[in-house]
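Visitor: This is model32.cif (mmCIF, C-alpha atoms and all ligand atoms).
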data_query
#
loop_
_atom_site.label_atom_id
_atom_site.label_comp_id
_atom_site.auth_asym_id
_atom_site.auth_seq_id
_atom_site.Cartn_x
_atom_site.Cartn_y
_atom_site.Cartn_z
CA MET A 10 16.55 -22.92 71.83
CA ASP A 11 15.55 -26.54 71.65
CA SER A 12 12.31 -27.53 70.01
CA GLN A 13 11.08 -29.46 73.06
CA PHE A 14 11.31 -26.27 75.11
CA MET A 15 9.42 -24.28 72.46
CA ASP A 16 6.72 -26.97 72.24
CA HIS A 17 6.35 -26.92 76.02
CA VAL A 18 5.92 -23.13 76.11
CA ILE A 19 3.34 -23.25 73.34
CA SER A 20 1.24 -26.03 74.86
CA GLU A 21 1.35 -24.60 78.41
CA LEU A 22 0.46 -21.16 77.06
CA LYS A 23 -2.50 -22.52 75.06
CA GLU A 24 -3.76 -24.28 78.17
CA ARG A 25 -3.39 -21.14 80.27
CA VAL A 26 -5.19 -19.00 77.68
CA ARG A 27 -7.99 -21.58 77.52
CA THR A 28 -8.43 -21.74 81.29
CA GLY A 29 -7.67 -18.05 81.97
CA ARG A 30 -4.75 -18.82 84.31
CA SER A 31 -2.67 -15.62 83.96
CA PRO A 32 -1.17 -16.56 80.58
CA ARG A 33 0.64 -13.26 80.00
CA GLU A 34 2.19 -13.08 83.47
CA TRP A 35 3.24 -16.73 83.24
CA LEU A 36 4.79 -16.20 79.81
CA CYS A 37 6.95 -13.24 80.90
CA ARG A 38 8.22 -15.04 83.98
CA PHE A 39 8.76 -18.41 82.30
CA LEU A 40 10.66 -17.03 79.33
CA ARG A 41 12.91 -14.84 81.43
CA ASP A 42 13.63 -17.63 83.92
CA ASN A 43 14.44 -20.19 81.24
CA VAL A 44 16.04 -18.41 78.30
CA GLU A 45 19.41 -17.05 79.32
CA LYS A 46 19.59 -14.30 76.70
CA TYR A 47 16.09 -12.99 77.52
CA ASN A 48 17.02 -10.57 80.31
CA TRP A 49 13.78 -8.60 80.42
CA VAL A 50 10.43 -9.80 79.06
CA GLY A 51 7.34 -7.62 78.99
CA ILE A 52 3.98 -7.20 77.31
CA TYR A 53 2.65 -3.77 76.35
CA LEU A 54 -0.97 -3.22 75.32
CA VAL A 55 -2.26 -0.48 73.02
CA ARG A 56 -4.54 1.88 74.94
CA GLU A 57 -5.67 4.86 72.84
CA ASP A 58 -2.47 6.73 71.89
CA LYS A 59 -0.27 4.89 74.40
CA LEU A 60 1.42 1.59 75.04
CA VAL A 61 0.74 0.52 78.60
CA LEU A 62 2.92 -2.05 80.35
CA ASP A 63 0.63 -4.98 81.16
CA CYS A 64 3.12 -7.31 82.84
CA PHE A 65 6.85 -8.00 82.88
CA SER A 66 9.63 -10.04 84.38
CA GLY A 67 12.97 -8.46 85.18
CA GLU A 68 14.04 -5.10 86.53
CA LYS A 69 11.44 -2.42 87.06
CA THR A 70 11.30 0.06 84.17
CA GLU A 71 10.37 3.73 84.20
CA HIS A 72 8.61 3.08 80.86
CA GLN A 73 5.27 1.97 82.30
CA GLN A 74 3.63 3.92 79.47
CA ILE A 75 5.04 4.90 76.11
CA THR A 76 3.40 7.47 73.84
CA ILE A 77 2.91 5.88 70.43
CA GLY A 78 5.55 7.50 68.26
CA GLU A 79 8.42 6.93 70.70
CA GLY A 80 10.92 4.10 70.78
CA LEU A 81 11.26 0.72 69.12
CA CYS A 82 8.09 -0.39 70.91
CA SER A 83 6.05 2.15 68.93
CA LEU A 84 7.83 1.29 65.69
CA ALA A 85 6.57 -2.31 65.86
CA ILE A 86 2.99 -1.02 66.22
CA VAL A 87 3.23 1.69 63.57
CA LYS A 88 4.95 -0.61 61.07
CA ASP A 89 2.80 -3.54 62.20
CA SER A 90 5.83 -5.82 62.03
CA THR A 91 8.54 -7.31 64.21
CA VAL A 92 11.44 -5.03 65.12
CA ASN A 93 14.66 -6.96 65.71
CA GLU A 94 17.46 -4.54 66.64
CA PRO A 95 20.87 -6.22 67.06
CA GLU A 96 22.59 -3.10 68.48
CA VAL A 97 20.24 -0.78 70.34
CA LYS A 98 23.00 1.70 71.14
CA LYS A 99 23.39 2.43 67.43
CA ASN A 100 19.67 3.02 66.86
CA SER A 101 18.51 6.60 67.50
CA THR A 102 14.85 5.49 67.77
CA TYR A 103 15.70 3.28 70.75
CA LEU A 104 14.31 4.40 74.10
CA ALA A 105 16.85 3.40 76.77
CA CYS A 106 15.55 1.35 79.66
CA PHE A 107 18.48 -0.49 81.23
CA PRO A 108 22.18 0.37 80.80
CA SER A 109 23.03 -3.31 80.27
CA THR A 110 20.74 -3.80 77.24
CA GLU A 111 22.52 -4.48 73.93
CA SER A 112 19.74 -5.81 71.70
CA GLU A 113 15.93 -5.86 71.65
CA ILE A 114 13.08 -7.58 69.84
CA VAL A 115 9.49 -6.32 69.68
CA VAL A 116 6.79 -8.59 68.23
CA PRO A 117 3.25 -7.27 67.59
CA ILE A 118 0.22 -9.08 69.00
CA ARG A 119 -2.69 -8.77 66.55
CA LYS A 120 -6.44 -9.10 66.96
CA ASN A 121 -8.72 -9.05 63.92
CA GLY A 122 -5.69 -8.10 61.86
CA LYS A 123 -4.82 -5.03 63.96
CA PRO A 124 -1.92 -4.66 66.45
CA VAL A 125 -3.34 -4.55 69.99
CA GLY A 126 -0.13 -5.10 71.91
CA GLU A 127 3.36 -6.53 71.75
CA ILE A 128 5.92 -8.79 73.34
CA ASP A 129 9.08 -6.82 74.15
CA ILE A 130 12.35 -8.55 75.06
CA ASP A 131 15.65 -6.92 76.02
CA SER A 132 18.95 -8.77 76.00
CA ASP A 133 22.34 -7.98 77.51
CA THR A 134 23.87 -9.87 74.57
CA ARG A 135 24.51 -8.13 71.28
CA ALA A 136 22.45 -9.50 68.32
CA ALA A 137 20.72 -11.97 70.64
CA PHE A 138 17.65 -12.61 68.50
CA SER A 139 17.64 -14.95 65.51
CA ARG A 140 15.05 -15.79 62.89
CA GLU A 141 14.10 -18.70 65.15
CA ASP A 142 13.32 -16.29 68.02
CA GLU A 143 11.24 -14.18 65.63
CA GLU A 144 9.19 -17.18 64.52
CA PHE A 145 8.79 -18.59 68.03
CA LEU A 146 7.65 -15.24 69.44
CA ALA A 147 5.27 -14.64 66.50
CA LYS A 148 3.60 -17.98 67.28
CA ILE A 149 3.36 -17.00 70.95
CA ALA A 150 1.87 -13.61 70.03
CA GLU A 151 -0.82 -15.36 68.02
CA ILE A 152 -1.75 -17.58 70.97
CA ILE A 153 -1.72 -14.77 73.54
CA SER A 154 -3.98 -12.63 71.34
CA SER A 155 -7.19 -14.27 72.52
CA SER A 156 -6.36 -13.45 76.16
CA ILE A 157 -6.59 -9.71 75.37
CA ASP A 158 -9.94 -7.88 75.49
N1 LIG B 201 13.46 0.07 74.63
C1 LIG B 201 12.07 0.27 74.40
C2 LIG B 201 11.39 0.85 75.63
C3 LIG B 201 10.84 -0.18 76.56
S1 LIG B 201 12.04 -0.95 77.50
O1 LIG B 201 12.94 -1.75 76.61
C4 LIG B 201 11.37 -1.99 78.60
C5 LIG B 201 11.85 1.14 73.16
O2 LIG B 201 12.82 1.55 72.52
O3 LIG B 201 10.70 1.42 72.83
#
Could you write out this structure as structure tokens?
Guide:
Amino acid sequence: MDSQFMDHVISELKERVRTGRSPREWLCRFLRDNVEKYNWVGIYLVREDKLVLDCFSGEKTEHQQITIGEGLCSLAIVKDSTVNEPEVKKNSTYLACFPSTESEIVVPIRKNGKPVGEIDIDSDTRAAFSREDEEFLAKIAEIISSSID
């Protein structure tokens, strides 16, 4: 991922958060449309004991809600840290969404130090997510945090 692209995403996202122009929807669509290995991009929000799908870009998923405790999405919340799984098919915690998915990254979004949601990205490429993706998405999660009530 080139740094100009990452800078563009960050500045556009900040502007959209500031002006309230659908920052989360924009982010999901923009990342999926522009990063080849990001095949599905979604944001889940913590609502009581569930993760509720807030917005996404890609195929429709049956996982509109996930009970906290299930899947890699829950693990990121419970552990309060990024989950970067290079081979989902080898991970028994993984909750299957799309047959084509090979790897997945889940990055918590925190507010006042507590996880309130997450960015979830599925890839059809094995081990698609690098340390650079982790850092980029963590920065994005920090920015998006103030758009969540
Ligand atoms: N694979 C996720 C479920 C959500 S879908 O990837 C959109 C999980 O293991 O929690």
Visitor: Counting only C-alpha atoms and all ligand atoms, which residue out of A:Asp142, A:Glu113, A:Glu151, A:Asp133 sits closest to ligand LIG 201 (chain B)?
Guide: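 Smallest separation from ligand LIG 201 (chain B) among the options: A:Glu113.
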Visitor: Within 9 Å of A:Pro117, counting all atoms listed in the file, which residues qualify if same-chain residues fewer than 2 places away don't, as a list in words?
Guide: Ala85, Ile86, Asp89, Ser90, Thr91, Val92, Val115, Arg119, Pro124, Val125, Gly126, Glu127, Ile128, Asp129, Ala147 and Ala150 of chain A
Visitor: Please check which protein, DNA or RNA residues sit within 8 Å of ligand LIG 201 (chain B), counting all atoms listed in the file, and write them as number ranges by chain.
Guide: A: 49-51, 70, 72, 75, 79-84, 102-107, 113, 129-131
Visitor: Atoms to include: C-alpha atoms. Write the selected residues as an mmCIF file, keeping the file's coordinate frame.
Guide:
data_model
loop_
_atom_site.group_PDB
_atom_site.id
_atom_site.type_symbol
_atom_site.label_atom_id
_atom_site.label_comp_id
_atom_site.auth_asym_id
_atom_site.auth_seq_id
_atom_site.Cartn_x
_atom_site.Cartn_y
_atom_site.Cartn_z
ATOM 1 C CA TRP A 49 13.780 -8.600 80.420
ATOM 2 C CA VAL A 50 10.430 -9.800 79.060
ATOM 3 C CA GLY A 51 7.340 -7.620 78.990
ATOM 4 C CA THR A 70 11.300 0.060 84.170
ATOM 5 C CA HIS A 72 8.610 3.080 80.860
ATOM 6 C CA ILE A 75 5.040 4.900 76.110
ATOM 7 C CA GLU A 79 8.420 6.930 70.700
ATOM 8 C CA GLY A 80 10.920 4.100 70.780
ATOM 9 C CA LEU A 81 11.260 0.720 69.120
ATOM 10 C CA CYS A 82 8.090 -0.390 70.910
ATOM 11 C CA SER A 83 6.050 2.150 68.930
ATOM 12 C CA LEU A 84 7.830 1.290 65.690
ATOM 13 C CA THR A 102 14.850 5.490 67.770
ATOM 14 C CA TYR A 103 15.700 3.280 70.750
ATOM 15 C CA LEU A 104 14.310 4.400 74.100
ATOM 16 C CA ALA A 105 16.850 3.400 76.770
ATOM 17 C CA CYS A 106 15.550 1.350 79.660
ATOM 18 C CA PHE A 107 18.480 -0.490 81.230
ATOM 19 C CA GLU A 113 15.930 -5.860 71.650
ATOM 20 C CA ASP A 129 9.080 -6.820 74.150
ATOM 21 C CA ILE A 130 12.350 -8.550 75.060
ATOM 22 C CA ASP A 131 15.650 -6.920 76.020
#
Visitor: How many Å separate atom CA of A:Leu62 from atom CA of A:Ile77?
Guide: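 Computing the Euclidean distance for atom CA of A:Leu62 and atom CA of A:Ile77 yields 12.7 Å.
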Visitor: Please check which residues have atoms at most 7 Å from (23.2, -13.5, 75.9) in the file's coordinates, counting only C-alpha atoms, and write them as a VMD selection string.
Guide: chain A and resid 45 to 46 132 to 134 137
Visitor: Ranking A:Gly67, A:Arg135, A:Ser20, A:Leu54 by minimum distance to A:Asp42 and counting only C-alpha atoms, which one comes first?
Guide: A:Gly67
